[in-house]
Amino acid sequence: MPGSGCSAIGGFNRNHAVLGTSEHCIATHPSDMAIAMRVLDAQVETVAGDGRRRVIPIAEFHRLPGETPHVDTNLRHGEFITAVTLPPPPPGRQVYRKVRDRASYAFALVSVAAIVDAADGVLRSARLAFGGLAHKPWRVEGAEDALRDAPVGNDSAGAAADAVLQGAQGRGHNDFKIPLVRRVLAGVLAEAAGQR
Ligand SMILES: Cc1cc2nc3c(=O)[nH]c(=O)nc-3n(C[C@H](O)[C@H](O)[C@H](O)COP(=O)(O)OP(=O)(O)OC[C@H]3O[C@@H](n4cnc5c(N)ncnc54)[C@H](O)[C@@H]3O)c2cc1C
């Protein structure tokens with residue numbers, strides 16, 4: 001209900017966001033598929049009531065809560081999604097790893113969608129999108145820059161995690177997500193680079 005406040009701030013918040021929050025809302029984005037679509041740079045095609053069509057890059061589709069946490073997307077009133085297009089993926093191995101409390105039917109505590117191009121222990125390029133951290137799929141250009149032409153290992157993974165976690169704020173029960181991002185990212189990069 002808009003304006004009713006956020007009982008997770010100061011309440012039970014194990015599943016809640018550590019990035020991009022506002023004083024009105026610390027909910028996380030619930031979908032796994034959208035995290036993968038974000039790393040693949042999907043395009044959302046829409047048609048409005050008057051027949052006008054537009055294409056919304058997935059990066060601009062979801063919103064952070066700000067002062068209007070009940071508005072999740074930048075869809076306009078009456079606008080209808082007709083298709084989602086995935087452009088050809090960049091080279092590299094695609095991995096999705098999800099950490100959750102139960103084996104099924106559980107939202108991500110932390111998830112990572114990655115496309116990693118690596119050879120001989122060196123990362124040529126990597127794209128990363130995170131779930132479970134914010135109100136929208138979380139992708140940080142600086143994290144991907146930190147991995148370009150870097151050796152696979154804890155140092156490069158740590159530098160990327162630093163960029164992802166810039167401004168992260170735990171609220172008590174969800175503090176564990178911050179170190180968990182570091183471990184999950186290091187594992188995903190090693191797996192995608194063929195080292196695990
Ligand atoms: C307990 C539980 C656990 C879950 N765990 C997970 C999980 O781990 N991973 C995961 O990926 N999902 C999970 N889900 C499902 C996920 O939360 C929802 O599928 C997702 O958030 C979509 O929400 P919805 O079902 O309310 O969407 P919908 O009811 O389909 O739609 C939401 C809104 O979109 C509008 N809408 C629908 N179609 C269109 C269209 N074509 N164009 C424009 N607007 C449209 C509707 O009018 C509505 O306002 C879980 C759900 C539950 C209940």
# chains A, B, ... in the order shown; residues from 1 in each chain; ligands from 1
$ residues_near_ligand --ligand "ligand 1" --cutoff "9 Å" --atoms "only C-alpha atoms and all ligand atoms" --output "list in words"
His29, Pro30, Ser31, Asp32, Met33, Ala34, Ile35, Thr46, Val47, Leu75, Gly78, Glu79, Phe80, Ile81, Thr82, Ala83, Lys98, Arg100, Ser104, Tyr105, Ala106, Phe107 and Ala108 of chain A
$ write_last_selection --atoms "N, CA and C atoms" --output "tab-separated table (two decimals), in the first residue's frame"
chain	number	residue	atom	x	y	z
A	29	HIS	N	14.25	-7.02	-5.79
A	29	HIS	CA	13.59	-7.48	-7.01
A	29	HIS	C	13.45	-9.01	-6.93
A	30	PRO	N	12.27	-9.58	-7.22
A	30	PRO	CA	12.06	-11.01	-6.95
A	30	PRO	C	12.47	-11.98	-8.04
A	31	SER	N	12.65	-11.50	-9.28
A	31	SER	CA	12.76	-12.45	-10.39
A	31	SER	C	14.20	-12.90	-10.64
A	32	ASP	N	14.37	-14.16	-11.00
A	32	ASP	CA	15.67	-14.64	-11.47
A	32	ASP	C	15.86	-14.31	-12.95
A	33	MET	N	14.78	-14.46	-13.72
A	33	MET	CA	14.91	-14.29	-15.17
A	33	MET	C	15.39	-12.88	-15.53
A	34	ALA	N	14.89	-11.88	-14.79
A	34	ALA	CA	15.27	-10.51	-15.13
A	34	ALA	C	16.76	-10.26	-14.89
A	35	ILE	N	17.36	-11.00	-13.96
A	35	ILE	CA	18.80	-10.82	-13.71
A	35	ILE	C	19.57	-11.31	-14.93
A	46	THR	N	7.19	-2.57	-26.30
A	46	THR	CA	5.86	-2.26	-25.75
A	46	THR	C	4.97	-1.60	-26.79
A	47	VAL	N	3.68	-1.64	-26.49
A	47	VAL	CA	2.72	-0.86	-27.27
A	47	VAL	C	1.80	-0.14	-26.28
A	75	LEU	N	7.37	1.43	-17.11
A	75	LEU	CA	6.23	1.31	-18.02
A	75	LEU	C	5.28	2.47	-17.75
A	78	GLY	N	-1.01	2.05	-18.99
A	78	GLY	CA	-1.65	1.50	-20.19
A	78	GLY	C	-0.70	0.87	-21.18
A	79	GLU	N	0.60	0.96	-20.91
A	79	GLU	CA	1.58	0.40	-21.85
A	79	GLU	C	1.70	-1.10	-21.63
A	80	PHE	N	1.74	-1.85	-22.68
A	80	PHE	CA	1.68	-3.32	-22.63
A	80	PHE	C	2.95	-3.90	-23.22
A	81	ILE	N	3.54	-4.87	-22.53
A	81	ILE	CA	4.75	-5.52	-23.07
A	81	ILE	C	4.31	-6.52	-24.14
A	82	THR	N	4.91	-6.41	-25.31
A	82	THR	CA	4.57	-7.34	-26.40
A	82	THR	C	5.67	-8.36	-26.66
A	83	ALA	N	6.91	-8.02	-26.32
A	83	ALA	CA	8.01	-8.95	-26.59
A	83	ALA	C	9.23	-8.55	-25.79
A	98	LYS	N	22.72	-19.08	-7.87
A	98	LYS	CA	21.76	-18.50	-6.93
A	98	LYS	C	21.95	-19.12	-5.56
A	100	ARG	N	20.32	-19.48	-1.90
A	100	ARG	CA	18.99	-19.32	-1.30
A	100	ARG	C	18.87	-20.17	-0.05
A	104	SER	N	14.26	-25.22	-3.09
A	104	SER	CA	13.35	-24.80	-4.16
A	104	SER	C	12.36	-23.78	-3.62
A	105	TYR	N	11.76	-23.04	-4.55
A	105	TYR	CA	10.75	-22.05	-4.22
A	105	TYR	C	11.24	-21.07	-3.17
A	106	ALA	N	12.40	-20.51	-3.41
A	106	ALA	CA	12.95	-19.52	-2.49
A	106	ALA	C	13.61	-18.42	-3.30
A	107	PHE	N	13.40	-17.20	-2.87
A	107	PHE	CA	14.03	-16.07	-3.56
A	107	PHE	C	15.54	-16.11	-3.32
A	108	ALA	N	16.26	-15.46	-4.24
A	108	ALA	CA	17.71	-15.39	-4.09
A	108	ALA	C	18.08	-14.54	-2.88
$ residues_around --residues "A:Gly121" --least-positions-apart "6" --cutoff "10 Å" --atoms "only C-alpha atoms" --output "PyMOL selection string"
chain A and resi 149-153+190+193-195
$ residues_around --residues "A:Arg182" --least-positions-apart "4" --cutoff "10 Å" --atoms "only C-alpha atoms" --output "short mmCIF file (atom, residue, chain, number, x, y, z; two decimals) with C-alpha atoms, in the first residue's frame"
data_model
loop_
_atom_site.label_atom_id
_atom_site.label_comp_id
_atom_site.auth_asym_id
_atom_site.auth_seq_id
_atom_site.Cartn_x
_atom_site.Cartn_y
_atom_site.Cartn_z
CA ASN A 154 40.64 -13.49 -5.54
CA ALA A 157 37.16 -10.79 -7.95
CA GLY A 158 37.66 -8.64 -4.84
CA ALA A 159 38.20 -5.48 -6.93
CA ALA A 160 35.02 -6.21 -8.89
CA ALA A 161 33.09 -6.90 -5.67
CA ASP A 162 34.33 -3.58 -4.23
CA VAL A 164 29.52 -3.75 -6.98
CA LEU A 165 29.20 -3.07 -3.27
CA LYS A 177 24.87 -10.45 2.01
CA ILE A 178 27.85 -8.12 1.74
CA ALA A 186 34.85 -15.28 -6.77
CA GLY A 187 33.28 -18.73 -7.22
#
$ closest_residue --among "A:Ala118, A:Gly66, A:Leu180, A:Ala42" --to "A:Phe130" --atoms "only C-alpha atoms"
A:Leu180
$ closest_residue --among "A:His173, A:Arg148, A:Arg63, A:Arg97" --to "A:Ala129" --atoms "only C-alpha atoms"
A:Arg97
$ residues_around --residues "A:Trp138" --least-positions-apart "5" --cutoff "12 Å" --atoms "only C-alpha atoms" --output "VMD selection string"
chain A and resid 17 to 21 28 to 29 32 34 to 39 58 to 60 62 to 64 110 to 114 127 to 133 143 163 to 166 168 181
